[in-house]
>>> print(open('model_25.tsv').read())   # TSV, C-alpha atoms
chain	number	residue	atom	x	y	z
A	1	MET	CA	-13.56	36.44	-18.86
A	2	SER	CA	-11.65	38.28	-21.54
A	3	ALA	CA	-7.93	38.00	-22.05
A	4	PHE	CA	-7.61	41.68	-21.12
A	5	LYS	CA	-9.18	41.08	-17.70
A	6	ASN	CA	-6.85	38.13	-17.10
A	7	VAL	CA	-3.80	40.26	-17.88
A	8	VAL	CA	-5.04	43.03	-15.56
A	9	ILE	CA	-5.60	40.53	-12.72
A	10	VAL	CA	-2.13	39.02	-13.16
A	11	LEU	CA	-0.48	42.45	-13.26
A	12	ALA	CA	-2.40	43.60	-10.18
A	13	ALA	CA	-1.42	40.45	-8.25
A	14	GLY	CA	2.19	40.96	-9.28
A	15	ALA	CA	2.16	44.60	-8.19
A	16	LEU	CA	0.64	43.69	-4.81
A	17	SER	CA	3.25	40.94	-4.30
A	18	PHE	CA	6.06	43.33	-5.18
A	19	ALA	CA	4.71	46.00	-2.81
A	20	PHE	CA	4.38	43.49	0.03
A	21	LEU	CA	7.95	42.19	-0.46
A	22	PHE	CA	9.34	45.72	-0.75
A	23	PHE	CA	7.71	46.93	2.47
A	24	ALA	CA	8.51	43.70	4.35
A	25	SER	CA	12.15	44.06	3.34
A	26	TYR	CA	12.19	47.73	4.34
A	27	ALA	CA	10.61	46.97	7.72
A	28	SER	CA	13.08	44.17	8.34
A	29	ASP	CA	16.07	46.38	7.47
A	30	SER	CA	14.87	49.30	9.56
A	31	MET	CA	14.19	47.29	12.71
A	32	GLY	CA	17.80	47.68	13.73
A	33	GLY	CA	18.53	43.97	13.94
A	34	GLU	CA	22.18	43.10	14.13
A	35	GLU	CA	23.56	41.23	11.16
A	36	THR	CA	25.32	38.01	12.04
A	37	SER	CA	28.29	36.87	10.02
A	38	PRO	CA	28.38	33.25	8.84
A	39	LEU	CA	31.66	33.15	10.76
A	40	ASN	CA	29.66	33.53	13.98
A	41	ALA	CA	28.27	30.04	13.41
A	42	VAL	CA	31.66	28.65	14.44
A	43	MET	CA	32.86	31.50	16.68
A	44	PRO	CA	29.70	32.86	18.31
A	45	GLU	CA	31.44	35.00	20.95
A	46	ALA	CA	33.41	37.03	18.40
A	47	ALA	CA	32.19	40.38	17.14
A	48	GLU	CA	34.99	41.22	14.68
A	49	PHE	CA	36.69	39.07	12.06
A	50	THR	CA	39.83	40.47	10.44
A	51	PRO	CA	41.14	38.68	7.33
A	52	VAL	CA	44.78	37.61	7.61
A	53	PRO	CA	47.02	36.05	4.95
A	54	ALA	CA	47.00	32.26	4.67
A	55	ASP	CA	50.63	32.23	3.48
A	56	GLY	CA	52.59	29.17	4.56
A	57	LEU	CA	49.49	27.20	5.56
A	58	ASP	CA	48.20	23.98	4.03
A	59	GLU	CA	46.58	24.62	0.65
A	60	THR	CA	43.27	23.36	2.06
A	61	VAL	CA	43.08	26.63	4.05
A	62	THR	CA	41.58	29.21	1.69
A	63	GLU	CA	40.78	32.02	4.14
A	64	VAL	CA	41.81	32.95	7.70
A	65	TYR	CA	40.15	35.42	10.04
A	66	LEU	CA	41.59	36.65	13.34
A	67	THR	CA	38.84	37.37	15.85
A	68	ASP	CA	38.62	40.04	18.50
A	69	THR	CA	38.65	37.20	21.07
A	70	GLY	CA	42.13	36.03	20.02
A	71	GLY	CA	40.93	32.98	18.13
A	72	TYR	CA	40.79	32.24	14.42
A	73	VAL	CA	38.22	31.09	11.91
A	74	PHE	CA	39.50	29.03	9.01
A	75	ARG	CA	37.75	28.41	5.71
A	76	LEU	CA	38.90	25.10	4.27
A	77	ASP	CA	38.20	23.51	0.90
A	78	ALA	CA	38.39	19.82	1.80
A	79	THR	CA	37.83	16.55	0.00
A	80	GLY	CA	35.45	13.91	1.27
A	81	TYR	CA	33.98	11.34	-1.08
A	82	TYR	CA	33.98	14.18	-3.61
A	83	PRO	CA	36.15	17.33	-3.74
A	84	HIS	CA	34.91	20.76	-2.69
A	85	MET	CA	33.55	20.33	0.80
A	86	VAL	CA	33.84	23.85	2.26
A	87	ILE	CA	34.20	23.84	6.04
A	88	LEU	CA	34.38	26.76	8.46
A	89	CYS	CA	36.26	25.90	11.64
A	90	GLY	CA	36.64	28.18	14.65
A	91	VAL	CA	39.55	27.75	17.07
A	92	ASP	CA	39.61	29.79	20.27
A	93	SER	CA	42.70	31.36	21.83
A	94	ASP	CA	43.30	28.18	23.88
A	95	GLY	CA	43.46	25.99	20.77
A	96	LYS	CA	40.02	24.39	21.16
A	97	VAL	CA	37.52	24.08	18.33
A	98	THR	CA	34.56	26.35	19.01
A	99	GLY	CA	32.59	25.01	16.08
A	100	ALA	CA	32.83	23.49	12.63
A	101	VAL	CA	30.24	23.61	9.87
A	102	CYS	CA	30.10	22.53	6.25
A	103	THR	CA	28.79	25.44	4.17
A	104	GLU	CA	29.10	23.94	0.67
A	105	SER	CA	29.40	20.38	-0.50
A	106	SER	CA	29.35	18.12	-3.54
A	107	GLU	CA	28.43	15.18	-1.33
A	108	SER	CA	25.16	13.42	-2.05
A	109	LEU	CA	23.92	12.64	1.46
A	110	GLY	CA	23.85	16.17	2.85
A	111	ARG	CA	24.49	14.89	6.37
A	112	GLU	CA	27.98	16.40	6.34
A	113	THR	CA	26.36	19.64	7.44
A	114	THR	CA	25.94	18.13	10.94
A	115	TYR	CA	29.31	16.40	11.33
A	116	GLY	CA	30.89	19.52	12.78
A	117	GLU	CA	28.96	19.13	16.02
A	118	GLN	CA	31.33	16.30	16.98
A	119	PHE	CA	34.37	18.57	16.88
A	120	THR	CA	33.37	21.24	19.39
A	121	GLY	CA	35.95	21.30	22.18
A	122	VAL	CA	38.57	19.13	20.48
A	123	THR	CA	42.22	20.12	20.31
A	124	SER	CA	45.11	19.02	18.14
A	125	ASP	CA	45.73	16.30	20.76
A	126	THR	CA	42.17	14.93	20.68
A	127	VAL	CA	41.01	15.43	17.07
A	128	ASP	CA	41.93	11.84	16.18
A	129	ASP	CA	39.57	10.59	18.90
A	130	VAL	CA	36.50	11.80	16.97
A	131	PRO	CA	34.89	8.68	15.47
A	132	VAL	CA	34.43	8.15	11.75
A	133	ILE	CA	30.83	7.53	10.73
A	134	THR	CA	30.26	4.19	9.03
A	135	GLY	CA	28.60	4.63	5.65
A	136	ALA	CA	30.22	8.02	5.21
A	137	THR	CA	33.82	7.06	5.90
A	138	LYS	CA	35.50	9.16	3.21
A	139	THR	CA	33.38	12.20	4.01
A	140	THR	CA	33.98	12.08	7.76
A	141	LYS	CA	37.69	11.36	7.28
A	142	GLY	CA	37.90	14.41	5.00
A	143	TYR	CA	36.04	16.49	7.57
A	144	LYS	CA	38.33	15.30	10.36
A	145	LYS	CA	41.41	16.05	8.25
A	146	ALA	CA	40.13	19.58	7.57
A	147	VAL	CA	39.62	20.25	11.30
A	148	ALA	CA	43.11	18.85	12.02
A	149	ILE	CA	44.54	21.20	9.36
A	150	ALA	CA	42.74	24.15	10.98
A	151	LEU	CA	44.25	23.23	14.36
A	152	GLU	CA	47.69	22.92	12.76
A	153	ALA	CA	47.23	26.32	11.08
A	154	PHE	CA	46.30	27.78	14.46
A	155	ASP	CA	49.62	26.52	15.87
A	156	ILE	CA	51.56	27.85	12.86
A	157	LEU	CA	50.00	31.29	13.29
A	158	GLY	CA	51.26	31.34	16.85
A	159	GLY	CA	47.92	30.79	18.49
A	160	ARG	CA	49.40	29.15	21.57
>>> encode(input="model_25.tsv", output="structure tokens")
Amino acid sequence: MSAFKNVVIVLAAGALSFAFLFFASYASDSMGGEETSPLNAVMPEAAEFTPVPADGLDETVTEVYLTDTGGYVFRLDATGYYPHMVILCGVDSDGKVTGAVCTESSESLGRETTYGEQFTGVTSDTVDDVPVITGATKTTKGYKKAVAIALEAFDILGGR
């Protein structure tokens, strides 16, 4: 097969791939599916998230969102074994954690993405009761501290 034929085949395959991706993307966008905010992962019942200033809160809190349900979602830049463990934590209007999830991390294990499941339903009075995971002590302590800071920020913002 000549080099010219090979180039034509590669270009044709590329054009077909591009066309498929373009039309698949168009079909997906036009199906009317509702976009879900990453904030919904920790506050699933909320439909609107309004940014509010994080003034006067712990420096770990980098962003705050007031929800249409009266709760808040906090973005925290925490430190586990390594710095820069970004955690989203939702707190409902009653002061209970609705969810916590690690969205970015410098940790090597990657299991910190599932630690947040342990915090659903905790309050500022019960956050210390969440156990620390052996073998990931610094990471889980950092996670727990971040959730405690979110609950404290909720109280400071007048959540309850």
>>> atom_distance(input="model_25.tsv", atom1="atom CA of A:Gly90", atom2="atom CA of A:Thr137")
23.0 Å
>>> closest_residue(input="model_25.tsv", among="A:Gly71, A:Gly158, A:Gly99, A:Gly80", to="A:Gly142", atoms="all atoms listed in the file")
A:Gly80
>>> atom_distance(input="model_25.tsv", atom1="atom CA of A:Leu157", atom2="atom CA of A:Thr60")
15.3 Å
>>> residues_around(input="model_25.tsv", residues="stretch 126-128 of chain A", least_positions_apart="3", cutoff="8 Å", atoms="only C-alpha atoms", output="NGL selection string")
:A and (119 or 122-123 or 131 or 144 or 147-148)
>>> residues_around(input="model_25.tsv", residues="A:Ser124", least_positions_apart="5", cutoff="12 Å", atoms="all atoms listed in the file", output="PyMOL selection string")
chain A and resi 91+94-97+119+129-130+144-155+160
>>> axis_aligned_box(input="model_25.tsv", around="stretch 41-56 of chain A", padding_each_side="8 Å", output="AutoDock Vina command-line options")
--center_x 40.4 --center_y 34.9 --center_z 12.2 --size_x 40.3 --size_y 28.6 --size_z 33.5
>>> atom_distance(input="model_25.tsv", atom1="atom CA of A:Ser106", atom2="atom CA of A:Asp77")
11.3 Å
>>> residues_around(input="model_25.tsv", residues="A:Thr67", least_positions_apart="2", cutoff="7 Å", atoms="all atoms listed in the file", output="PyMOL selection string")
chain A and resi 46+48-50+65+69-72
>>> residues_around(input="model_25.tsv", residues="stretch 101-104 of chain A", least_positions_apart="5", cutoff="6 Å", atoms="only C-alpha atoms", output="CSV table (one decimal) with C-alpha atoms, keeping the file's coordinate frame")
chain,number,residue,atom,x,y,z
A,85,MET,CA,33.6,20.3,0.8
A,86,VAL,CA,33.8,23.8,2.3
A,87,ILE,CA,34.2,23.8,6.0
A,88,LEU,CA,34.4,26.8,8.5
A,113,THR,CA,26.4,19.6,7.4
A,116,GLY,CA,30.9,19.5,12.8
>>> closest_residue(input="model_25.tsv", among="A:Ile133, A:Ala47, A:Leu66, A:Val73", to="A:Ala100", atoms="all atoms listed in the file")
A:Val73
>>> residues_around(input="model_25.tsv", residues="A:Val132", least_positions_apart="6", cutoff="9 Å", atoms="all atoms listed in the file", output="list in words")
Lys138, Thr139, Thr140, Lys141 and Lys144 of chain A
>>> decode(input="model_25.tsv", residues="stretch 47-77 of chain A", atoms="C-alpha atoms", output="JSON list (two decimals), in the first residue's frame")
[["chain", "number", "residue", "atom", "x", "y", "z"],
["A", 47, "ALA", "CA", -31.49, 23.39, 43.19],
["A", 48, "GLU", "CA", -29.75, 26.75, 43.63],
["A", 49, "PHE", "CA", -26.35, 27.60, 45.08],
["A", 50, "THR", "CA", -25.60, 31.26, 45.73],
["A", 51, "PRO", "CA", -21.98, 32.19, 46.51],
["A", 52, "VAL", "CA", -21.56, 34.11, 49.77],
["A", 53, "PRO", "CA", -18.41, 35.70, 51.22],
["A", 54, "ALA", "CA", -16.21, 33.52, 53.40],
["A", 55, "ASP", "CA", -15.07, 36.54, 55.44],
["A", 56, "GLY", "CA", -14.35, 35.77, 59.09],
["A", 57, "LEU", "CA", -14.28, 32.00, 58.56],
["A", 58, "ASP", "CA", -11.33, 29.65, 59.03],
["A", 59, "GLU", "CA", -8.82, 30.00, 56.20],
["A", 60, "THR", "CA", -9.47, 26.37, 55.25],
["A", 61, "VAL", "CA", -12.87, 27.51, 53.91],
["A", 62, "THR", "CA", -12.23, 28.76, 50.37],
["A", 63, "GLU", "CA", -15.81, 29.04, 49.07],
["A", 64, "VAL", "CA", -19.30, 29.13, 50.62],
["A", 65, "TYR", "CA", -22.63, 28.61, 48.89],
["A", 66, "LEU", "CA", -26.05, 29.28, 50.42],
["A", 67, "THR", "CA", -28.64, 26.85, 49.08],
["A", 68, "ASP", "CA", -32.29, 27.39, 48.34],
["A", 69, "THR", "CA", -33.02, 24.85, 51.11],
["A", 70, "GLY", "CA", -31.42, 27.03, 53.80],
["A", 71, "GLY", "CA", -28.25, 24.97, 54.10],
["A", 72, "TYR", "CA", -24.71, 25.69, 52.99],
["A", 73, "VAL", "CA", -22.04, 23.99, 50.94],
["A", 74, "PHE", "CA", -18.45, 24.66, 51.94],
["A", 75, "ARG", "CA", -15.36, 24.14, 49.81],
["A", 76, "LEU", "CA", -12.38, 23.49, 52.06],
["A", 77, "ASP", "CA", -8.70, 23.17, 51.23]]
